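Structure record follows, encoded as structure tokens.
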Protein chains: 2
Amino acid sequence: MNTETILASVRRYISLNDEETEYFTSLLLPTRVRQHDFIEQNGETTKYFIYVTSGCLMTYFTDKDATDHVIQFATTGWWTGDLASFTRQQPSIYATKALADSEVLLLPRKEMDNLLEKCPKFEKYFRTIFQNSLITHQNRLIQTLSATAEERYTAFGQKYPSLEQFVPLKYIASYLGITPEFLSKVRRKMMDR
Amino acid sequence: MNTETILASVRRYISLNDEETEYFTSLLLPTRVRQHDFIEQNGETTKYFIYVTSGCLMTYFTDKDATDHVIQFATTGWWTGDLASFTRQQPSIYATKALADSEVLLLPRKEMDNLLEKCPKFEKYFRTIFQNSLITHQNRLIQTLSATAEERYTAFGQKYPSLEQFVPLKYIASYLGITPEFLSKVRRKMMDR
DNA sequence: CGTCTATTTGAATGTACTCAAAAGCGGTGG
DNA sequence: CCACCGCTTTTGAGTACATTCAAATAGACG
């Protein structure tokens with residue numbers, strides 16, 4: 001399967017020689033998943049850190065009232081998964097499933113450990129990935145705390161235009177922290193203007 | 001000033017020889033700040049990544065209605081600051097100020113670049129710091145999206161008991177994403193039971 | 001003390017939720 | 001190709017959680 005996009009991602013931050021490239025790609029498990037398929041289930045210990053080559057995934061939390069809350073959508077070029085479970089090898093509170101037929105590269109936990117040990121320059125790559133992701137999460141937190149549902153919906157559409165083709169409205173509502181019914185009403189109000 | 005706690009933090013993840021220890025600590029600017037003092041102001045480009053040796057800081061965002069939103073409280077052993085501004089050298093949307101007289105160690109942006117270049121094992125340290133912080137932010141997002149104000153307040157008290165001594169209720173309200181008035185009413189209800 | 005800020009209280013209001021039901025839409029099988 | 005089924009989206013009425021505004025009370029600090 002296609003390792004072009006992940007290598008491009010890595011090379012934005014570190015340079016790799018042929019041997020390193022070969023070694024790195026040998027650790028990745030290329031996998032096809034179909035729409036509605038799960039890559040990880042909640043309750044189970046997360047096995048993989050997941051890179052999306054094509055398609056679209058979502059990682060989400062299901063609360064005690066059986067309401068879903070989307071932590072992240074991931075399209076081409078994004079990493080996703082449950083970092084807490086992956087890092088600490090404890091049961092996951094998240095599940096990750098495909099919103100469209102997708103191609104992913106799975107990095108098993110042990111192989112990531114090996115990679116970082118044998119080829120420490122990947123520390124820089126993941127440091128940068130996590131740092132950027134942290135910034136994104138802080139921005140989202142600010143948005144959630146300070147903006148109305150309508151403002152958040154508008155901002156979401158502008159920030160992630162490519163997701164509209166994959167993501168049902170009810171999951172966008174979930175990501176925004178509102179009910180599908182209320183998102184529908186927000187959209188109505190926007191249309192009426 | 002005391003570099004014990006920051007060295008302990010670093011040594012949890014990587015080991016340093018004397019030369020590395022010496023070099024690392026030489027980059028840090030020990031600074032005392034008094035309650036109400038600012039370390040960084042919004043609108044200005046963030047100069048430092050901030051490590052708290054003692055006391056307590058808060059990093060917060062002020063929205064268009066002049067309402068503050070706390071991104072992070074930082075007590076002994078925590079890093080804080082505006083990563084987005086620090087990383088991209090763009091004007092900050094956050095400010096960081098002291099909630100109590102505090103001692104901090106400031107790591108200037110350029111020195112962090114030098115450190116990571118000359119002593120790449122620090123990539124691992126910061127990768128781990130950011131990874132853990134990301135997990136914390138994801139948990140908080142989940143909480144904010146799925147729990148009521150009362151549940152969040154209770155969880156906050158359990159997770160950060162040490163903060164109660166430093167942080168005025170209005171900032172806890174801000175962190176939880178509610179108004180001070182409503183937090184007061186939540187507390188009343190809890191007392192009445 | 002007196003002043004300034006933080007916290008509490010109460011009434012009116014608003015934003016978003018719940019529940020129930022209808023309408024829309026896509027896929028599948030006869 | 002159409003009819004049906006299941007799931008998503010919309011609509012509406014009633015409700016709940018949280019906000020706003022105004023004012024009183026309590027605390028902290030010089």
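All residue names refer to the structure tokens as shown: chains lettered A, B, ... in order, residues numbered from 1 in each chain, ligands numbered from 1 in order.
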DT9 (chain C) surroundings by only C-alpha atoms (C1' of nucleotides), 10 Å radius, close-in-sequence under 6 positions cut, as JSON, numbers by chain: {"B": [181, 184, 185], "D": [23, 24, 25]}
Could the residues in this selection be saved with N, CA and C atoms (P, O5', C5', C4', C3', O3' and C1' of nucleotides) as a compact mmCIF listing (two decimals), in the first residue's frame?
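Resulting contents of part-v7.txt:
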```txt
# COMPACT_ATOMS: atom_id res chain seq x y z
N GLU B 181 -21.31 33.36 39.08
CA GLU B 181 -22.63 33.32 39.74
C GLU B 181 -23.18 31.90 39.76
N SER B 184 -21.40 29.62 42.14
CA SER B 184 -21.84 29.90 43.50
C SER B 184 -23.13 29.13 43.80
N LYS B 185 -24.04 29.11 42.82
CA LYS B 185 -25.31 28.40 43.02
C LYS B 185 -25.10 26.88 43.07
P DA D 23 -29.57 48.06 41.17
O5' DA D 23 -29.36 47.27 42.53
C5' DA D 23 -30.33 46.31 42.95
C4' DA D 23 -29.75 45.49 44.07
C3' DA D 23 -28.93 46.32 45.08
O3' DA D 23 -29.30 45.94 46.39
C1' DA D 23 -27.70 44.46 44.36
P DA D 24 -28.86 46.78 47.66
O5' DA D 24 -28.54 45.63 48.71
C5' DA D 24 -29.36 44.45 48.73
C4' DA D 24 -28.53 43.31 49.27
C3' DA D 24 -27.72 43.68 50.53
O3' DA D 24 -27.87 42.66 51.50
C1' DA D 24 -26.31 42.77 48.88
P DT D 25 -27.25 42.84 52.93
O5' DT D 25 -25.96 41.92 52.88
C5' DT D 25 -26.11 40.53 52.51
C4' DT D 25 -24.74 39.91 52.41
C3' DT D 25 -23.84 40.18 53.63
O3' DT D 25 -23.42 38.90 54.10
C1' DT D 25 -22.68 40.58 51.63
```
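The interface of chain D with chain A at 12 Å, considering only C-alpha atoms (C1' of nucleotides), consists of D:DC7, D:DT8, D:DT9, D:DT10, D:DT11, D:DG12.
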Point-to-point distance from CA of Ile135 (chain A) to CA of Ser54 (chain A), Å rounded to tenths: 24.0 Å
For region 15-23 of chain C: contacts at 8 Å, only C-alpha atoms (C1' of nucleotides), fewer than 5 positions along chain excluded, given as a PyMOL selection string: (chain A and resi 178-179+182) or (chain D and resi 10-11+15-16)
Could you turn the residues from that selection into a file that holds C-alpha atoms (C1' of nucleotides), as an mmCIF file, in the first residue's frame?
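Produced file result-v9.cif, reproduced below:
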```cif
data_model
loop_
_atom_site.group_PDB
_atom_site.id
_atom_site.type_symbol
_atom_site.label_atom_id
_atom_site.label_comp_id
_atom_site.auth_asym_id
_atom_site.auth_seq_id
_atom_site.Cartn_x
_atom_site.Cartn_y
_atom_site.Cartn_z
ATOM 1 C CA ILE A 178 -24.668 19.847 20.850
ATOM 2 C CA THR A 179 -27.578 17.554 19.970
ATOM 3 C CA PHE A 182 -30.276 21.569 17.909
ATOM 4 C "C1'" DT D 10 -36.178 18.133 10.602
ATOM 5 C "C1'" DT D 11 -39.987 20.161 13.327
ATOM 6 C "C1'" DT D 15 -38.446 21.863 29.993
ATOM 7 C "C1'" DA D 16 -33.870 22.335 32.177
#
```
Sorted per-residue table, chain B near chain A, closest atoms and distance, 10 Å, only C-alpha atoms, as JSON lines:
```
{"residue": "B:Tyr60", "atom": "CA", "partner": "A:Ile142", "partner_atom": "CA", "distance": 9.3}
{"residue": "B:Phe61", "atom": "CA", "partner": "A:Ile142", "partner_atom": "CA", "distance": 7.5}
{"residue": "B:Thr62", "atom": "CA", "partner": "A:Ser146", "partner_atom": "CA", "distance": 9.2}
{"residue": "B:Asp63", "atom": "CA", "partner": "A:Ser146", "partner_atom": "CA", "distance": 7.0}
{"residue": "B:Lys64", "atom": "CA", "partner": "A:Ser146", "partner_atom": "CA", "distance": 9.1}
{"residue": "B:Asp65", "atom": "CA", "partner": "A:Ser146", "partner_atom": "CA", "distance": 9.3}
{"residue": "B:Thr67", "atom": "CA", "partner": "A:Ser146", "partner_atom": "CA", "distance": 8.3}
{"residue": "B:Asp68", "atom": "CA", "partner": "A:Ser146", "partner_atom": "CA", "distance": 8.9}
{"residue": "B:His69", "atom": "CA", "partner": "A:Ile142", "partner_atom": "CA", "distance": 7.1}
{"residue": "B:Val70", "atom": "CA", "partner": "A:Ile142", "partner_atom": "CA", "distance": 8.6}
{"residue": "B:Ile71", "atom": "CA", "partner": "A:Gln138", "partner_atom": "CA", "distance": 7.2}
{"residue": "B:Gln72", "atom": "CA", "partner": "A:Gln138", "partner_atom": "CA", "distance": 9.6}
{"residue": "B:Asp82", "atom": "CA", "partner": "A:Ile135", "partner_atom": "CA", "distance": 8.6}
{"residue": "B:Leu83", "atom": "CA", "partner": "A:Ile135", "partner_atom": "CA", "distance": 6.5}
{"residue": "B:Ala84", "atom": "CA", "partner": "A:Ile135", "partner_atom": "CA", "distance": 5.9}
{"residue": "B:Ser85", "atom": "CA", "partner": "A:Ile135", "partner_atom": "CA", "distance": 9.6}
{"residue": "B:Thr87", "atom": "CA", "partner": "A:Gln131", "partner_atom": "CA", "distance": 8.9}
{"residue": "B:Leu116", "atom": "CA", "partner": "A:Lys124", "partner_atom": "CA", "distance": 8.7}
{"residue": "B:Pro120", "atom": "CA", "partner": "A:Lys121", "partner_atom": "CA", "distance": 7.9}
{"residue": "B:Lys121", "atom": "CA", "partner": "A:Pro120", "partner_atom": "CA", "distance": 7.9}
{"residue": "B:Phe122", "atom": "CA", "partner": "A:Glu123", "partner_atom": "CA", "distance": 9.0}
{"residue": "B:Glu123", "atom": "CA", "partner": "A:Lys124", "partner_atom": "CA", "distance": 5.4}
{"residue": "B:Lys124", "atom": "CA", "partner": "A:Glu123", "partner_atom": "CA", "distance": 5.4}
{"residue": "B:Tyr125", "atom": "CA", "partner": "A:Arg127", "partner_atom": "CA", "distance": 8.8}
{"residue": "B:Phe126", "atom": "CA", "partner": "A:Arg127", "partner_atom": "CA", "distance": 6.5}
{"residue": "B:Arg127", "atom": "CA", "partner": "A:Arg127", "partner_atom": "CA", "distance": 4.0}
{"residue": "B:Thr128", "atom": "CA", "partner": "A:Arg127", "partner_atom": "CA", "distance": 7.6}
{"residue": "B:Ile129", "atom": "CA", "partner": "A:Arg127", "partner_atom": "CA", "distance": 8.8}
{"residue": "B:Phe130", "atom": "CA", "partner": "A:Gln131", "partner_atom": "CA", "distance": 5.8}
{"residue": "B:Gln131", "atom": "CA", "partner": "A:Phe130", "partner_atom": "CA", "distance": 5.8}
{"residue": "B:Asn132", "atom": "CA", "partner": "A:Ala84", "partner_atom": "CA", "distance": 8.0}
{"residue": "B:Ser133", "atom": "CA", "partner": "A:Leu134", "partner_atom": "CA", "distance": 7.3}
{"residue": "B:Leu134", "atom": "CA", "partner": "A:Leu134", "partner_atom": "CA", "distance": 5.3}
{"residue": "B:Ile135", "atom": "CA", "partner": "A:Ala84", "partner_atom": "CA", "distance": 5.9}
{"residue": "B:Thr136", "atom": "CA", "partner": "A:Ala84", "partner_atom": "CA", "distance": 8.9}
{"residue": "B:His137", "atom": "CA", "partner": "A:His137", "partner_atom": "CA", "distance": 6.7}
{"residue": "B:Gln138", "atom": "CA", "partner": "A:Ile71", "partner_atom": "CA", "distance": 7.2}
{"residue": "B:Asn139", "atom": "CA", "partner": "A:Ala84", "partner_atom": "CA", "distance": 9.3}
{"residue": "B:Arg140", "atom": "CA", "partner": "A:Leu141", "partner_atom": "CA", "distance": 8.5}
{"residue": "B:Leu141", "atom": "CA", "partner": "A:Leu141", "partner_atom": "CA", "distance": 6.5}
{"residue": "B:Ile142", "atom": "CA", "partner": "A:His69", "partner_atom": "CA", "distance": 7.1}
{"residue": "B:Gln143", "atom": "CA", "partner": "A:Asp63", "partner_atom": "CA", "distance": 9.8}
{"residue": "B:Thr144", "atom": "CA", "partner": "A:Thr144", "partner_atom": "CA", "distance": 8.2}
{"residue": "B:Leu145", "atom": "CA", "partner": "A:Gly177", "partner_atom": "CA", "distance": 5.3}
{"residue": "B:Ser146", "atom": "CA", "partner": "A:Asp63", "partner_atom": "CA", "distance": 7.0}
{"residue": "B:Ala147", "atom": "CA", "partner": "A:Asp63", "partner_atom": "CA", "distance": 9.1}
{"residue": "B:Ser174", "atom": "CA", "partner": "A:Leu145", "partner_atom": "CA", "distance": 8.6}
{"residue": "B:Tyr175", "atom": "CA", "partner": "A:Leu145", "partner_atom": "CA", "distance": 8.7}
{"residue": "B:Leu176", "atom": "CA", "partner": "A:Leu145", "partner_atom": "CA", "distance": 8.3}
{"residue": "B:Gly177", "atom": "CA", "partner": "A:Leu145", "partner_atom": "CA", "distance": 5.3}
{"residue": "B:Ile178", "atom": "CA", "partner": "A:Leu145", "partner_atom": "CA", "distance": 8.3}
```
Closest of C:DG14, C:DT7, C:DC1, C:DG29 to chain A - atom-to-atom distances counting only C-alpha atoms (C1' of nucleotides): C:DG14
B:Leu16, B:Ala173, B:Val52, B:Leu105 ranked by distance to chain C, top pick (using only C-alpha atoms (C1' of nucleotides)): B:Ala173
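Counting only C-alpha atoms (C1' of nucleotides) and comparing D:DG6, D:DA26, D:DC21, D:DC1, the residue that lies closest to DG27 (chain C) is D:DG6.
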DSSP strand (DSSP E) selection over chain A, as a VMD selection string: chain A and resid 29 to 33 38 to 40 48 to 54 56 to 62 68 to 75 79 to 80 94 to 98 102 to 108
Neighbour list for DG30 (chain C) as a VMD selection string, cut-off 12 Å, only C-alpha atoms (C1' of nucleotides), skip fewer than 5 positions in-chain: chain D and resid 1 to 4
Could you save the residues just selected, with N, CA and C atoms (P, O5', C5', C4', C3', O3' and C1' of nucleotides), as a PDB file, in the first residue's frame?
```pdb
ATOM      1  P    DC D   1     -34.969   1.452 -14.608  1.00  0.00           P
ATOM      2  O5'  DC D   1     -35.929   0.313 -13.994  1.00  0.00           O
ATOM      3  C5'  DC D   1     -37.251   0.209 -14.466  1.00  0.00           C
ATOM      4  C4'  DC D   1     -38.174   0.066 -13.297  1.00  0.00           C
ATOM      5  C3'  DC D   1     -38.270   1.309 -12.403  1.00  0.00           C
ATOM      6  O3'  DC D   1     -39.628   1.389 -11.950  1.00  0.00           O
ATOM      7  C1'  DC D   1     -37.518  -0.501 -11.106  1.00  0.00           C
ATOM      8  P    DC D   2     -40.292   2.761 -11.488  1.00  0.00           P
ATOM      9  O5'  DC D   2     -41.186   2.258 -10.280  1.00  0.00           O
ATOM     10  C5'  DC D   2     -41.768   0.953 -10.344  1.00  0.00           C
ATOM     11  C4'  DC D   2     -41.744   0.324  -8.976  1.00  0.00           C
ATOM     12  C3'  DC D   2     -42.127   1.272  -7.832  1.00  0.00           C
ATOM     13  O3'  DC D   2     -43.047   0.575  -7.036  1.00  0.00           O
ATOM     14  C1'  DC D   2     -40.122   0.179  -7.325  1.00  0.00           C
ATOM     15  P    DA D   3     -44.040   1.332  -6.052  1.00  0.00           P
ATOM     16  O5'  DA D   3     -43.890   0.394  -4.777  1.00  0.00           O
ATOM     17  C5'  DA D   3     -43.710  -1.019  -4.951  1.00  0.00           C
ATOM     18  C4'  DA D   3     -43.241  -1.578  -3.625  1.00  0.00           C
ATOM     19  C3'  DA D   3     -43.747  -0.798  -2.414  1.00  0.00           C
ATOM     20  O3'  DA D   3     -44.050  -1.722  -1.383  1.00  0.00           O
ATOM     21  C1'  DA D   3     -41.389  -0.713  -2.479  1.00  0.00           C
ATOM     22  P    DC D   4     -44.676  -1.242  -0.004  1.00  0.00           P
ATOM     23  O5'  DC D   4     -43.529  -1.656   1.018  1.00  0.00           O
ATOM     24  C5'  DC D   4     -42.823  -2.892   0.841  1.00  0.00           C
ATOM     25  C4'  DC D   4     -41.502  -2.802   1.575  1.00  0.00           C
ATOM     26  C3'  DC D   4     -41.623  -2.243   2.987  1.00  0.00           C
ATOM     27  O3'  DC D   4     -40.976  -3.153   3.874  1.00  0.00           O
ATOM     28  C1'  DC D   4     -39.908  -1.142   1.811  1.00  0.00           C
TER      29       DC D   4
END
```
Every residue of chain A that DSSP places in alpha helix (DSSP H), as a PyMOL selection string: chain A and resi 4-11+18-27+83-88+109-118+121-146+149-159+169-176+180-192
Show which residues sit within 12 Å of DG30 (chain D), as a CSV table (one decimal) with C-alpha atoms (C1' of nucleotides), in the first residue's frame. Count only C-alpha atoms (C1' of nucleotides), and ignore same-chain residues fewer than 6 positions away.
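Generated file (part_37.csv):
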```csv
chain,number,residue,atom,x,y,z
C,1,DC,C1',-11.2,51.6,59.1
C,2,DG,C1',-12.1,52.2,54.2
C,3,DT,C1',-11.7,50.6,49.6
C,4,DC,C1',-11.5,47.2,46.2
```
Pairwise distance for C1' of DA18 (chain D) and CA of Met191 (chain B), rounded to one decimal in Å: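 Result for C1' of DA18 (chain D) versus CA of Met191 (chain B): 19.0 Å, one decimal.
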Nearby residues (only C-alpha atoms (C1' of nucleotides)) at most 9 Å from Leu29 (chain A), same-chain spacing under 5 positions excluded, as a count of residues only: 5
Point-to-point distance in Å for CA of Phe38 (chain B) and CA of Thr59 (chain B):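 Value for the CA of Thr59 (chain B)-CA of Phe38 (chain B) distance: 9.9 Å.
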Residues within 9 Å of Thr3 (chain A), only C-alpha atoms (C1' of nucleotides), excluding chain neighbours under 5 positions, as a list in words: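 These residues fall inside the cut-off: Ala8, Thr25, Pro30, Thr53 and Leu105 of chain A.
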